[in-house]
$ cat target08.cif   # mmCIF, C-alpha atoms
data_run
#
loop_
_atom_site.group_PDB
_atom_site.id
_atom_site.type_symbol
_atom_site.label_atom_id
_atom_site.label_comp_id
_atom_site.auth_asym_id
_atom_site.auth_seq_id
_atom_site.Cartn_x
_atom_site.Cartn_y
_atom_site.Cartn_z
ATOM 1 C CA MET A 256 27.877 62.316 -14.808
ATOM 2 C CA THR A 257 25.995 59.672 -12.839
ATOM 3 C CA ALA A 258 27.519 56.195 -12.789
ATOM 4 C CA ALA A 259 25.287 53.372 -13.976
ATOM 5 C CA PRO A 260 24.147 51.010 -11.174
ATOM 6 C CA ARG A 261 26.239 47.871 -10.889
ATOM 7 C CA ARG A 262 24.574 44.597 -11.803
ATOM 8 C CA ALA A 263 25.111 41.378 -9.967
ATOM 9 C CA PRO A 264 27.244 38.908 -11.922
ATOM 10 C CA ARG A 265 25.196 36.458 -13.965
ATOM 11 C CA ALA A 266 26.832 33.510 -12.291
ATOM 12 C CA ARG A 267 25.715 34.747 -8.863
ATOM 13 C CA ALA A 268 22.141 35.254 -10.067
ATOM 14 C CA ALA A 269 22.092 31.801 -11.610
ATOM 15 C CA LEU A 270 23.398 30.285 -8.389
ATOM 16 C CA SER A 271 20.681 31.993 -6.410
ATOM 17 C CA ARG A 272 17.935 30.763 -8.704
ATOM 18 C CA SER A 273 19.195 27.177 -8.753
ATOM 19 C CA SER A 274 19.745 26.882 -5.014
ATOM 20 C CA TRP A 275 16.295 28.040 -3.884
ATOM 21 C CA PRO A 276 14.175 26.405 -2.714
ATOM 22 C CA PRO A 277 16.634 23.955 -1.138
ATOM 23 C CA ARG A 278 16.368 20.414 -2.473
ATOM 24 C CA PRO A 279 17.411 17.148 -0.840
ATOM 25 C CA THR A 280 20.553 15.648 -2.317
ATOM 26 C CA ILE A 281 20.217 11.957 -3.179
ATOM 27 C CA ARG A 282 23.376 10.055 -2.334
ATOM 28 C CA LYS A 283 24.126 6.379 -2.529
ATOM 29 C CA ALA A 284 23.090 4.603 0.662
ATOM 30 C CA ALA A 285 22.807 0.976 1.751
ATOM 31 C CA GLY A 286 19.686 -1.024 0.902
ATOM 32 C CA LEU A 287 16.434 0.908 0.667
ATOM 33 C CA ARG A 288 17.457 3.857 2.828
ATOM 34 C CA THR A 289 18.530 6.301 0.086
ATOM 35 C CA MET A 290 15.337 8.335 -0.165
ATOM 36 C CA GLU A 291 14.683 8.431 3.570
ATOM 37 C CA SER A 292 18.289 9.417 4.304
ATOM 38 C CA ALA A 293 18.064 12.323 1.846
ATOM 39 C CA LEU A 294 14.868 13.594 3.459
ATOM 40 C CA GLU A 295 16.323 13.196 6.951
ATOM 41 C CA ARG A 296 19.464 15.147 5.968
ATOM 42 C CA SER A 297 17.255 17.940 4.662
ATOM 43 C CA GLY A 298 15.483 18.242 8.007
ATOM 44 C CA LEU A 299 12.251 16.643 6.769
ATOM 45 C CA GLY A 300 12.242 13.636 9.081
ATOM 46 C CA PRO A 301 11.012 11.537 10.622
ATOM 47 C CA VAL A 302 9.830 9.862 7.424
ATOM 48 C CA ALA A 303 6.760 7.612 7.415
ATOM 49 C CA GLY A 304 6.039 4.975 4.775
ATOM 50 C CA VAL A 305 2.509 3.818 3.944
ATOM 51 C CA ASP A 306 1.309 0.745 2.041
ATOM 52 C CA GLU A 307 -1.694 -1.555 1.779
ATOM 53 C CA ALA A 308 -2.582 -5.218 1.381
ATOM 54 C CA GLY A 309 -5.737 -6.785 -0.018
ATOM 55 C CA ARG A 310 -6.684 -4.249 -2.674
ATOM 56 C CA GLY A 311 -6.993 -6.971 -5.300
ATOM 57 C CA ALA A 312 -8.820 -9.448 -3.067
ATOM 58 C CA CYS A 313 -12.569 -9.905 -3.412
ATOM 59 C CA ALA A 314 -13.043 -10.875 0.246
ATOM 60 C CA GLY A 315 -11.781 -9.649 3.589
ATOM 61 C CA PRO A 316 -10.649 -6.192 4.649
ATOM 62 C CA LEU A 317 -8.394 -3.740 2.925
ATOM 63 C CA THR A 318 -5.461 -3.396 5.335
ATOM 64 C CA VAL A 319 -3.270 -0.292 5.450
ATOM 65 C CA ALA A 320 -0.127 0.251 7.518
ATOM 66 C CA ALA A 321 2.118 3.225 8.245
ATOM 67 C CA CYS A 322 5.622 2.929 9.667
ATOM 68 C CA VAL A 323 8.382 5.285 10.809
ATOM 69 C CA LEU A 324 11.749 3.537 10.971
ATOM 70 C CA GLY A 325 13.855 6.543 11.936
ATOM 71 C CA ALA A 326 17.283 7.593 10.715
ATOM 72 C CA ARG A 327 19.198 4.657 12.160
ATOM 73 C CA ALA A 328 19.516 1.490 10.056
ATOM 74 C CA HIS A 329 19.110 -1.846 11.853
ATOM 75 C CA ALA A 330 20.809 -5.076 10.810
ATOM 76 C CA ALA A 331 17.669 -7.022 11.747
ATOM 77 C CA LEU A 332 15.802 -5.191 8.983
ATOM 78 C CA ALA A 333 18.451 -5.631 6.285
ATOM 79 C CA ASP A 334 16.229 -8.059 4.346
ATOM 80 C CA LEU A 335 13.331 -5.620 4.038
ATOM 81 C CA ASP A 336 11.724 -5.686 0.615
ATOM 82 C CA ASP A 337 8.340 -5.590 -1.048
ATOM 83 C CA SER A 338 6.293 -8.040 1.042
ATOM 84 C CA LYS A 339 5.144 -9.858 -2.107
ATOM 85 C CA LYS A 340 8.775 -10.748 -2.880
ATOM 86 C CA LEU A 341 9.364 -12.237 0.585
ATOM 87 C CA THR A 342 8.393 -15.714 1.711
ATOM 88 C CA GLU A 343 5.733 -16.048 4.362
ATOM 89 C CA ARG A 344 8.386 -17.249 6.805
ATOM 90 C CA ARG A 345 10.565 -14.190 6.159
ATOM 91 C CA ARG A 346 7.615 -11.830 6.537
ATOM 92 C CA GLU A 347 6.687 -13.439 9.819
ATOM 93 C CA GLY A 348 10.283 -13.012 11.003
ATOM 94 C CA LEU A 349 10.425 -9.350 10.025
ATOM 95 C CA PHE A 350 7.026 -8.503 11.506
ATOM 96 C CA PRO A 351 8.032 -8.477 15.219
ATOM 97 C CA ALA A 352 11.402 -6.894 14.370
ATOM 98 C CA ILE A 353 9.655 -3.979 12.667
ATOM 99 C CA GLN A 354 7.263 -3.574 15.576
ATOM 100 C CA LYS A 355 10.173 -3.543 18.034
ATOM 101 C CA LEU A 356 12.612 -1.307 16.146
ATOM 102 C CA ALA A 357 10.302 1.192 14.451
ATOM 103 C CA LEU A 358 9.837 4.601 16.046
ATOM 104 C CA ALA A 359 6.113 4.219 15.381
ATOM 105 C CA TRP A 360 3.748 2.007 13.413
ATOM 106 C CA SER A 361 0.027 1.752 12.798
ATOM 107 C CA VAL A 362 -2.273 -0.780 11.092
ATOM 108 C CA VAL A 363 -5.907 -0.145 10.146
ATOM 109 C CA PHE A 364 -8.555 -2.418 8.634
ATOM 110 C CA ILE A 365 -11.324 -1.277 6.296
ATOM 111 C CA ASP A 366 -13.965 -3.981 6.114
ATOM 112 C CA ALA A 367 -15.690 -5.250 2.991
ATOM 113 C CA ALA A 368 -18.878 -3.282 3.679
ATOM 114 C CA GLU A 369 -17.007 0.023 3.730
ATOM 115 C CA VAL A 370 -15.052 -0.907 0.598
ATOM 116 C CA ASP A 371 -18.395 -1.568 -1.116
ATOM 117 C CA ARG A 372 -19.859 1.706 0.145
ATOM 118 C CA ILE A 373 -17.074 4.099 -0.889
ATOM 119 C CA GLY A 374 -15.091 2.125 -3.485
ATOM 120 C CA VAL A 375 -11.724 0.445 -3.130
ATOM 121 C CA HIS A 376 -9.597 3.385 -4.303
ATOM 122 C CA VAL A 377 -11.281 5.868 -1.964
ATOM 123 C CA ALA A 378 -11.036 3.286 0.822
ATOM 124 C CA ASN A 379 -7.318 2.938 0.106
ATOM 125 C CA ILE A 380 -6.736 6.690 0.394
ATOM 126 C CA GLU A 381 -8.886 6.932 3.521
ATOM 127 C CA GLY A 382 -7.016 3.999 5.052
ATOM 128 C CA MET A 383 -3.684 5.718 4.426
ATOM 129 C CA ARG A 384 -4.952 8.862 6.150
ATOM 130 C CA ARG A 385 -6.122 6.834 9.139
ATOM 131 C CA ALA A 386 -2.865 4.901 9.344
ATOM 132 C CA VAL A 387 -0.774 8.092 9.380
ATOM 133 C CA ALA A 388 -3.111 9.623 11.975
ATOM 134 C CA GLY A 389 -2.636 6.522 14.142
ATOM 135 C CA LEU A 390 1.145 6.876 14.393
ATOM 136 C CA GLY A 391 2.548 7.629 17.827
ATOM 137 C CA VAL A 392 4.857 10.305 16.391
ATOM 138 C CA ILE A 393 4.108 13.090 13.928
ATOM 139 C CA PRO A 394 6.107 12.490 10.736
ATOM 140 C CA GLY A 395 7.818 15.311 8.924
ATOM 141 C CA TYR A 396 7.260 13.636 5.565
ATOM 142 C CA VAL A 397 5.199 10.746 4.229
ATOM 143 C CA LEU A 398 6.118 8.401 1.371
ATOM 144 C CA THR A 399 3.183 6.526 -0.152
ATOM 145 C CA ASP A 400 3.306 3.554 -2.486
ATOM 146 C CA GLY A 401 2.261 4.437 -6.000
ATOM 147 C CA PHE A 402 -0.246 7.266 -5.827
ATOM 148 C CA ARG A 403 -0.870 10.630 -4.195
ATOM 149 C CA VAL A 404 -2.856 10.778 -0.958
ATOM 150 C CA PRO A 405 -4.548 14.163 -0.493
ATOM 151 C CA GLY A 406 -5.523 15.321 2.958
ATOM 152 C CA LEU A 407 -2.404 14.280 4.854
ATOM 153 C CA PRO A 408 -1.320 16.806 7.523
ATOM 154 C CA VAL A 409 2.332 16.838 6.360
ATOM 155 C CA PRO A 410 4.122 16.903 2.976
ATOM 156 C CA SER A 411 4.021 13.642 1.062
ATOM 157 C CA LEU A 412 5.365 12.043 -2.087
ATOM 158 C CA PRO A 413 3.986 9.103 -4.095
ATOM 159 C CA VAL A 414 6.744 6.632 -4.981
ATOM 160 C CA ILE A 415 6.200 4.241 -7.890
ATOM 161 C CA GLY A 416 7.176 0.766 -6.695
ATOM 162 C CA GLY A 417 7.763 2.300 -3.271
ATOM 163 C CA ASP A 418 7.708 -0.990 -1.374
ATOM 164 C CA ALA A 419 10.842 -2.001 -3.298
ATOM 165 C CA THR A 420 12.403 1.481 -3.134
ATOM 166 C CA ALA A 421 12.006 2.897 0.378
ATOM 167 C CA ALA A 422 12.586 0.932 3.576
ATOM 168 C CA CYS A 423 9.743 2.617 5.472
ATOM 169 C CA ILE A 424 7.252 1.676 2.728
ATOM 170 C CA ALA A 425 8.627 -1.882 2.626
ATOM 171 C CA ALA A 426 8.170 -2.100 6.399
ATOM 172 C CA ALA A 427 4.589 -0.853 6.078
ATOM 173 C CA SER A 428 4.030 -3.437 3.337
ATOM 174 C CA VAL A 429 5.130 -6.259 5.641
ATOM 175 C CA LEU A 430 3.001 -4.958 8.533
ATOM 176 C CA ALA A 431 -0.090 -4.740 6.321
ATOM 177 C CA LYS A 432 0.432 -8.115 4.632
ATOM 178 C CA VAL A 433 1.123 -10.119 7.791
ATOM 179 C CA SER A 434 -1.704 -8.429 9.714
ATOM 180 C CA ARG A 435 -4.187 -9.181 6.949
ATOM 181 C CA ASP A 436 -2.968 -12.755 6.417
ATOM 182 C CA ARG A 437 -3.382 -13.548 10.107
ATOM 183 C CA LEU A 438 -6.898 -12.109 10.063
ATOM 184 C CA MET A 439 -7.811 -14.189 7.001
ATOM 185 C CA VAL A 440 -6.587 -17.375 8.728
ATOM 186 C CA GLN A 441 -8.841 -16.532 11.668
ATOM 187 C CA MET A 442 -11.698 -15.783 9.275
ATOM 188 C CA ASP A 443 -11.270 -19.218 7.685
ATOM 189 C CA GLU A 444 -12.045 -20.804 11.046
ATOM 190 C CA GLU A 445 -15.179 -18.695 11.429
ATOM 191 C CA ILE A 446 -16.361 -19.032 7.819
ATOM 192 C CA PRO A 447 -15.052 -22.356 6.458
ATOM 193 C CA GLY A 448 -15.322 -23.540 2.893
ATOM 194 C CA TYR A 449 -13.790 -20.638 0.971
ATOM 195 C CA GLY A 450 -10.115 -21.339 1.629
ATOM 196 C CA PHE A 451 -9.471 -17.930 3.210
ATOM 197 C CA ALA A 452 -6.488 -19.330 5.122
ATOM 198 C CA VAL A 453 -4.852 -20.506 1.899
ATOM 199 C CA HIS A 454 -5.826 -17.922 -0.699
ATOM 200 C CA LYS A 455 -6.488 -14.937 1.591
ATOM 201 C CA GLY A 456 -9.633 -13.893 -0.265
ATOM 202 C CA TYR A 457 -8.080 -13.538 -3.723
ATOM 203 C CA SER A 458 -9.981 -14.822 -6.757
ATOM 204 C CA THR A 459 -8.069 -18.000 -7.401
ATOM 205 C CA ARG A 460 -9.804 -20.789 -9.278
ATOM 206 C CA ALA A 461 -10.409 -22.687 -6.041
ATOM 207 C CA HIS A 462 -11.888 -19.615 -4.353
ATOM 208 C CA SER A 463 -14.099 -18.839 -7.338
ATOM 209 C CA GLU A 464 -15.428 -22.405 -7.411
ATOM 210 C CA ALA A 465 -16.181 -22.272 -3.684
ATOM 211 C CA MET A 466 -17.942 -18.921 -4.019
ATOM 212 C CA THR A 467 -20.035 -20.227 -6.929
ATOM 213 C CA ALA A 468 -21.037 -23.305 -4.923
ATOM 214 C CA LEU A 469 -21.657 -21.591 -1.576
ATOM 215 C CA GLY A 470 -22.523 -18.069 -2.641
ATOM 216 C CA PRO A 471 -20.691 -15.019 -1.254
ATOM 217 C CA SER A 472 -20.108 -14.774 2.484
ATOM 218 C CA ARG A 473 -20.600 -11.696 4.654
ATOM 219 C CA GLU A 474 -16.896 -10.940 4.162
ATOM 220 C CA HIS A 475 -17.066 -10.756 0.357
ATOM 221 C CA ARG A 476 -17.044 -7.429 -1.525
ATOM 222 C CA LEU A 477 -20.346 -7.314 -3.379
ATOM 223 C CA SER A 478 -19.162 -4.375 -5.484
ATOM 224 C CA TYR A 479 -16.736 -6.732 -7.242
ATOM 225 C CA ALA A 480 -18.230 -8.164 -10.420
ATOM 226 C CA ASN A 481 -17.261 -11.783 -9.786
ATOM 227 C CA VAL A 482 -18.833 -11.649 -6.302
ATOM 228 C CA ALA A 483 -22.003 -10.019 -7.640
ATOM 229 C CA ALA A 484 -22.206 -12.696 -10.320
ATOM 230 C CA ALA A 485 -21.880 -15.462 -7.727
ATOM 231 C CA ALA A 486 -24.589 -13.788 -5.607
ATOM 232 C CA ALA A 487 -26.880 -13.782 -8.643
ATOM 233 C CA GLY A 488 -26.109 -17.422 -9.412
ATOM 234 C CA LEU A 489 -24.271 -16.515 -12.606
ATOM 235 C CA ALA A 490 -20.940 -17.658 -13.963
ATOM 236 C CA PRO A 491 -18.138 -15.275 -12.949
ATOM 237 C CA PRO A 492 -17.404 -12.590 -15.559
ATOM 238 C CA LEU A 493 -14.232 -12.589 -17.577
ATOM 239 C CA LEU A 494 -11.327 -10.616 -16.184
ATOM 240 C CA LEU A 495 -11.197 -7.120 -17.618
ATOM 241 C CA SER A 496 -8.006 -6.501 -19.562
ATOM 242 C CA ARG A 497 -5.233 -5.072 -17.418
ATOM 243 C CA SER A 498 -3.760 -3.447 -20.518
ATOM 244 C CA ALA A 499 -6.940 -1.390 -20.783
ATOM 245 C CA GLY A 500 -6.275 0.023 -17.335
ATOM 246 C CA SER A 501 -8.989 -1.920 -15.514
ATOM 247 C CA THR A 502 -8.017 -3.307 -12.162
ATOM 248 C CA PRO A 503 -9.995 -4.445 -9.141
ATOM 249 C CA GLY A 504 -11.590 -1.308 -7.827
ATOM 250 C CA SER A 505 -11.718 0.506 -11.162
ATOM 251 C CA SER A 506 -14.897 2.084 -12.460
ATOM 252 C CA GLY A 507 -15.035 0.203 -15.756
ATOM 253 C CA HIS A 508 -18.051 -1.889 -16.727
ATOM 254 C CA SER A 509 -18.258 -4.777 -19.141
ATOM 255 C CA ALA A 510 -21.241 -5.366 -21.361
ATOM 256 C CA GLY A 511 -24.102 -6.904 -19.429
ATOM 257 C CA SER A 512 -22.498 -6.234 -16.056
ATOM 258 C CA THR A 513 -24.636 -6.034 -12.944
ATOM 259 C CA PRO A 514 -25.860 -2.472 -12.248
ATOM 260 C CA GLY A 515 -23.985 -0.868 -9.375
ATOM 261 C CA VAL A 516 -21.006 -3.163 -9.718
ATOM 262 C CA VAL A 517 -17.884 -1.078 -10.166
ATOM 263 C CA ALA A 518 -15.046 -3.577 -10.046
ATOM 264 C CA ALA A 519 -13.958 -6.817 -11.623
ATOM 265 C CA GLY A 520 -12.333 -9.199 -9.184
ATOM 266 C CA ARG A 521 -9.075 -10.735 -10.386
ATOM 267 C CA MET A 522 -9.585 -14.075 -12.076
ATOM 268 C CA ASP A 523 -5.951 -14.606 -13.101
ATOM 269 C CA CYS A 524 -4.528 -15.150 -9.631
ATOM 270 C CA ARG A 525 -2.766 -18.500 -9.380
ATOM 271 C CA ASP A 526 -3.535 -20.522 -6.283
ATOM 272 C CA ALA A 527 0.090 -20.533 -5.089
ATOM 273 C CA GLY A 528 0.590 -16.856 -5.860
ATOM 274 C CA ALA A 529 -2.226 -15.723 -3.571
ATOM 275 C CA ARG A 530 -0.747 -17.125 -0.374
#

$ encode --input "target08.cif" --output "structure tokens"
Amino acid sequence: MTAAPRRAPRARAALSRSSWPPRPTIRKAAGLRTMESALERSGLGPVAGVDEAGRGACAGPLTVAACVLGARAHAALADLDDSKKLTERRREGLFPAIQKLALAWSVVFIDAAEVDRIGVHVANIEGMRRAVAGLGVIPGYVLTDGFRVPGLPVPSLPVIGGDATAACIAAASVLAKVSRDRLMVQMDEEIPGYGFAVHKGYSTRAHSEAMTALGPSREHRLSYANVAAAAAGLAPPLLLSRSAGSTPGSSGHSAGSTPGVVAAGRMDCRDAGAR
């Protein structure tokens, strides 16, 4: 009589299925380093973070930064957070520290004309690709803030609220914000009257009034509905409802909107909140 072949124990089979492919183990770590530490421990480092500044502005460039902090945590970067939650003074203090301590960093600017030509969302994705390509080291993994970026040369993961979750994204957020703010201050000297140094090109009430009086400048995004309205000598359109999913750079149109205009500039930005 032939003996029946022995079967592997069920527990062993279950273990094999659950342990492959290997997954990073998330453990508690200090500050915003949890996700990066898990990826580093799994051999997927160095980890790059990518974020942008100026997506919701109706003037000036879209600015995208990428940053690789490395596995070692630095006390000088302990206050890293979403750049919008930091004061201007704190961002300015962190900016040189990030540049000095990061393994690599990159900042790219996409001007208003290119944003108009390809759309703000496509420009955002393209800027993230360029920023990663500009790093001095090749990352093993890329964390992006909020949405997937196809076309990156290495594995990547979109992280919702990433600039308040991962240190490398927070660092990229600070690099992008400070770089853009400094450029807008310089732009205010070259193109006075719009308050670029104060409101950084966002559609505050003061900025909207200046744009209506002076007309759009060469640095305004004509694909934004409020800019197009000012160019046509019309009153700025009402802000599209955020609850309906329309944000600056979306493809929604309101009734009577200017043909070719694909975005509604924010009209709910408080003067102090745009600085």

$ residues_around --input "target08.cif" --residues "region 315-324 of chain A" --least-positions-apart "4" --cutoff "6 Å" --atoms "all atoms listed in the file" --output "VMD selection string"
chain A and resid 302 to 310 357 to 367 382 386 to 387 423 427 431 474

$ atom_distance --input "target08.cif" --atom1 "CA of Val409 (chain A)" --atom2 "CA of Glu295 (chain A)"
14.5 Å

$ residues_around --input "target08.cif" --residues "His329 (chain A)" --least-positions-apart "3" --cutoff "12 Å" --atoms "all atoms listed in the file" --output "VMD selection string"
chain A and resid 285 to 288 324 to 326 332 to 335 349 352 to 353 355 to 357 422

$ resolve_selection --input "target08.cif" --expression "the PyMOL selection byres ((chain A and resi 486) around 12)" --output "ChimeraX atom specification"
/A:463,466-473,475-485,487-491,513,516

$ atom_distance --input "target08.cif" --atom1 "CA of Pro410 (chain A)" --atom2 "CA of Ala378 (chain A)"
20.5 Å

$ axis_aligned_box --input "target08.cif" --around "region 296-301 of chain A" --padding-each-side "3 Å" --output "JSON"
{"center_x": 15.2, "center_y": 14.9, "center_z": 7.6, "size_x": 14.5, "size_y": 12.7, "size_z": 12.0}

$ resolve_selection --input "target08.cif" --expression "the PyMOL selection byres ((chain A and resi 448-451) around 10)" --output "PyMOL selection string"
chain A and resi 314-315+436+438-447+452-457+459+461-466+468-472+530

$ residues_near_point --input "target08.cif" --point "(8.4, -6.1, -8.9)" --cutoff "9 Å" --atoms "only C-alpha atoms" --output "PyMOL selection string"
chain A and resi 337+339-340+416+419

$ atom_distance --input "target08.cif" --atom1 "CA of Phe402 (chain A)" --atom2 "CA of Arg385 (chain A)"
16.1 Å

$ residues_around --input "target08.cif" --residues "Pro408 (chain A)" --least-positions-apart "6" --cutoff "10 Å" --atoms "only C-alpha atoms" --output "ChimeraX atom specification"
/A:384,387-388,393-397

$ write_last_selection --input "target08.cif" --atoms "C-alpha atoms" --output "PDB file, in the frame of the given file"
ATOM      1  CA  ARG A 384      -4.952   8.862   6.150  1.00  0.00           C
ATOM      2  CA  VAL A 387      -0.774   8.092   9.380  1.00  0.00           C
ATOM      3  CA  ALA A 388      -3.111   9.623  11.975  1.00  0.00           C
ATOM      4  CA  ILE A 393       4.108  13.090  13.928  1.00  0.00           C
ATOM      5  CA  PRO A 394       6.107  12.490  10.736  1.00  0.00           C
ATOM      6  CA  GLY A 395       7.818  15.311   8.924  1.00  0.00           C
ATOM      7  CA  TYR A 396       7.260  13.636   5.565  1.00  0.00           C
ATOM      8  CA  VAL A 397       5.199  10.746   4.229  1.00  0.00           C
TER       9      VAL A 397
END

$ closest_residue --input "target08.cif" --among "A:Ala331, A:Leu390, A:Arg372, A:Asp336" --to "Gly348 (chain A)" --atoms "all atoms listed in the file"
A:Ala331

$ residues_around --input "target08.cif" --residues "region 345-347 of chain A" --least-positions-apart "2" --cutoff "9 Å" --atoms "all atoms listed in the file" --output "short mmCIF file (atom, residue, chain, number, x, y, z; two decimals) with C-alpha atoms, keeping the file's coordinate frame"
data_model
loop_
_atom_site.label_atom_id
_atom_site.label_comp_id
_atom_site.auth_asym_id
_atom_site.auth_seq_id
_atom_site.Cartn_x
_atom_site.Cartn_y
_atom_site.Cartn_z
CA ASP A 334 16.23 -8.06 4.35
CA LEU A 335 13.33 -5.62 4.04
CA SER A 338 6.29 -8.04 1.04
CA LEU A 341 9.36 -12.24 0.58
CA THR A 342 8.39 -15.71 1.71
CA GLU A 343 5.73 -16.05 4.36
CA LEU A 349 10.42 -9.35 10.02
CA PHE A 350 7.03 -8.50 11.51
CA PRO A 351 8.03 -8.48 15.22
CA VAL A 429 5.13 -6.26 5.64
CA LEU A 430 3.00 -4.96 8.53
CA LYS A 432 0.43 -8.12 4.63
CA VAL A 433 1.12 -10.12 7.79
#

$ residues_around --input "target08.cif" --residues "Gly401 (chain A)" --least-positions-apart "2" --cutoff "8 Å" --atoms "all atoms listed in the file" --output "list of chain:residue names"
A:Thr399, A:Arg403, A:Pro413, A:Val414, A:Ile415, A:Gly416, A:Gly417

$ write_last_selection --input "target08.cif" --atoms "C-alpha atoms" --output "PDB file, in the frame of the given file"
ATOM      1  CA  THR A 399       3.183   6.526  -0.152  1.00  0.00           C
ATOM      2  CA  ARG A 403      -0.870  10.630  -4.195  1.00  0.00           C
ATOM      3  CA  PRO A 413       3.986   9.103  -4.095  1.00  0.00           C
ATOM      4  CA  VAL A 414       6.744   6.632  -4.981  1.00  0.00           C
ATOM      5  CA  ILE A 415       6.200   4.241  -7.890  1.00  0.00           C
ATOM      6  CA  GLY A 416       7.176   0.766  -6.695  1.00  0.00           C
ATOM      7  CA  GLY A 417       7.763   2.300  -3.271  1.00  0.00           C
TER       8      GLY A 417
END
